[in-house]
Amino acid sequence: MKVTPQQMSFLSTFLKRRSGVVIDQSKAYLVEARLLPVLRQRGIPDFETLVERVRSSREPAIEQDFLNAMMTHETSFFRDRSPFEAVKRLLPELIRRRALARHLVIWSAAASSGQEAYSLAMLLNEHFREALAGWSVRILATDISEPVLARAREGLYNDHETARGLPVELRDKYFVRFQGKWSISQDCRRYVEFRHMNLLDPWQGVPPCDIAFLRNVLIYFDVPTRAAILAKMHMILRPDGALLLGGAETMLGVCDTYDRIDGVGCSAYRPRQGREIGRASGR
Ligand SMILES: C[S@@+](CC[C@H](N)C(=O)[O-])C[C@H]1O[C@@H](n2cnc3c(N)ncnc32)[C@H](O)[C@@H]1O
């Protein structure tokens, strides 16, 4: 079954408007491959009917199925390693600076099925348990997709998922066997709060952040959308906080109000402050 150029045009416009995700006309094969299971599951006979039902705006469940099917949720524990090493290097100074408030917020801003947030929780337990004893530490983990958030809250991962990126020692220390899978321990769950959030919407209820992971999501957006999100992130990050992007993501040509943090081995940035912003961008 093939999707026509007109159907493709409607679906890609809808996807972009609702999520920011851009998919070009040449990707019809991808749209077909991802939507066929939705058609089958919902008993929808063809793409034209799907388009009509999405267009009608009367069936939020079908809209959600469509959006979820079109998103890439790829993730793994300690994905790319270097951002986690960077957090290990950045945290001692942040902990010193927050010694009075004893409060720390880390945000996993496109959390998918939760491996990123739980990796951060394991890292805190492994390396900062004593330093953070008695502190209020919060890992906020958000995503646009309810099904992946449900999985994240469940915190159950199969052998294949735990074999990707998670050292066996950490698996044995922070997971317990449950129903043939691995269930993340309370030690890690206690830090993490999962919440539904579309990065395109106003960021209501997101507290000032000390560290934000915004990884492997900007690549799906066009440049104006990336710039708008990075501008919002600038307001949410504390002045001495850090933003970590994915390995294939950069600020170059998108946003010039951050400074790269050198020497941490990954795409890490600090929000530039006040007059420095105007000076650097010639304003
Ligand atoms: C490839 S995953 C990245 C997961 C994790 N950050 C990592 O690097 O492993 C991208 C996630 O971004 C989410 N996403 C896409 N558009 C979004 C939006 N507008 N708001 C919030 N999340 C979005 C998707 O649902 C998906 O789970």
# chains A, B, ... in the order shown; residues from 1 in each chain; ligands from 1
$ select_by_dssp --residues "range 56-275 of chain A" --states "helix (DSSP H, G or I)" --output "CSV table (one decimal) with C-alpha atoms, in the first residue's frame"
chain,number,residue,atom,x,y,z
A,60,PRO,CA,-7.4,12.2,19.4
A,61,ALA,CA,-6.4,8.5,19.9
A,62,ILE,CA,-5.8,8.1,16.2
A,63,GLU,CA,-3.8,11.4,16.1
A,64,GLN,CA,-1.7,10.1,19.0
A,65,ASP,CA,-1.1,6.8,17.2
A,66,PHE,CA,0.0,8.6,14.1
A,67,LEU,CA,2.3,11.0,16.0
A,68,ASN,CA,3.8,8.2,18.1
A,69,ALA,CA,4.4,6.0,15.0
A,70,MET,CA,6.2,8.9,13.3
A,82,SER,CA,30.6,11.1,27.0
A,83,PRO,CA,27.7,13.3,28.2
A,84,PHE,CA,27.5,11.2,31.4
A,85,GLU,CA,31.3,11.6,31.9
A,86,ALA,CA,30.8,15.3,31.4
A,87,VAL,CA,28.1,15.4,34.2
A,88,LYS,CA,30.6,13.5,36.4
A,89,ARG,CA,33.1,16.3,35.8
A,90,LEU,CA,30.6,19.2,36.1
A,91,LEU,CA,28.7,18.1,39.2
A,92,PRO,CA,31.4,18.6,41.9
A,93,GLU,CA,31.6,22.4,41.1
A,94,LEU,CA,27.8,22.7,40.9
A,95,ILE,CA,27.5,20.8,44.3
A,96,ARG,CA,29.9,23.3,45.8
A,97,ARG,CA,27.9,26.2,44.4
A,115,GLN,CA,17.0,5.0,29.9
A,116,GLU,CA,18.6,8.5,29.9
A,117,ALA,CA,17.0,9.6,33.2
A,118,TYR,CA,17.7,6.3,34.9
A,119,SER,CA,21.3,6.4,33.7
A,120,LEU,CA,21.6,9.8,35.4
A,121,ALA,CA,20.1,8.4,38.6
A,122,MET,CA,22.6,5.5,38.6
A,123,LEU,CA,25.4,8.0,38.0
A,124,LEU,CA,24.2,10.1,41.1
A,125,ASN,CA,24.0,6.9,43.2
A,126,GLU,CA,27.4,5.7,42.1
A,127,HIS,CA,29.4,8.8,42.3
A,146,GLU,CA,2.6,8.9,26.2
A,147,PRO,CA,3.4,5.3,25.3
A,148,VAL,CA,7.1,5.8,25.8
A,149,LEU,CA,6.5,7.6,29.0
A,150,ALA,CA,4.3,4.8,30.2
A,151,ARG,CA,7.2,2.4,29.6
A,152,ALA,CA,9.6,4.8,31.3
A,153,ARG,CA,7.4,4.9,34.4
A,154,GLU,CA,7.1,1.2,34.4
A,159,ASP,CA,17.7,-8.4,28.3
A,160,HIS,CA,18.4,-6.7,24.9
A,161,GLU,CA,17.8,-3.2,26.3
A,162,THR,CA,19.9,-3.8,29.4
A,163,ALA,CA,22.7,-5.3,27.3
A,168,VAL,CA,26.6,-5.7,34.0
A,169,GLU,CA,27.8,-4.5,37.5
A,170,LEU,CA,25.4,-1.6,37.3
A,171,ARG,CA,22.6,-3.8,36.1
A,172,ASP,CA,23.1,-6.2,39.0
A,173,LYS,CA,23.3,-3.4,41.5
A,174,TYR,CA,20.4,-1.2,40.3
A,186,GLN,CA,13.8,2.3,44.1
A,187,ASP,CA,17.2,3.8,44.7
A,188,CYS,CA,17.0,5.2,41.2
A,189,ARG,CA,13.3,5.7,40.8
A,218,LEU,CA,16.7,18.8,17.8
A,219,ILE,CA,18.0,16.9,14.8
A,220,TYR,CA,14.3,16.2,13.9
A,223,VAL,CA,16.4,25.6,12.2
A,224,PRO,CA,13.7,28.1,13.5
A,225,THR,CA,12.2,25.4,15.8
A,226,ARG,CA,15.6,24.5,17.1
A,227,ALA,CA,16.4,28.2,17.7
A,228,ALA,CA,13.1,28.7,19.5
A,229,ILE,CA,13.7,25.7,21.8
A,230,LEU,CA,17.3,26.8,22.6
A,231,ALA,CA,16.0,30.3,23.4
A,232,LYS,CA,13.5,28.8,25.9
A,233,MET,CA,16.2,26.6,27.3
A,234,HIS,CA,18.3,29.7,27.9
A,235,MET,CA,15.6,31.1,30.2
A,236,ILE,CA,15.3,27.8,32.1
A,274,GLY,CA,23.4,39.6,30.2
A,275,ARG,CA,25.6,42.1,28.3
$ residues_near_ligand --ligand "ligand 1" --cutoff "6 Å" --atoms "only C-alpha atoms and all ligand atoms" --output "ChimeraX atom specification"
/A:19-21,71-76,79,110-112,116,143-145,197-200,215-217
$ atom_distance --atom1 "CA of Gly247 in chain A" --atom2 "CA of Ser183 in chain A"
28.4 Å
$ closest_residue --among "A:Thr142, A:Gln7, A:Thr250, A:Thr13" --to "Val206 in chain A" --atoms "only C-alpha atoms"
A:Thr142
$ atom_distance --atom1 "CA of Pro167 in chain A" --atom2 "CA of Leu245 in chain A"
22.9 Å
$ closest_residue --among "A:Arg42, A:Arg238, A:Arg17, A:Arg138" --to "Val192 in chain A" --atoms "only C-alpha atoms"
A:Arg138
$ closest_residue --among "A:Leu50, A:Leu166, A:Met8, A:Met251" --to "Phe77 in chain A" --atoms "only C-alpha atoms"
A:Leu166
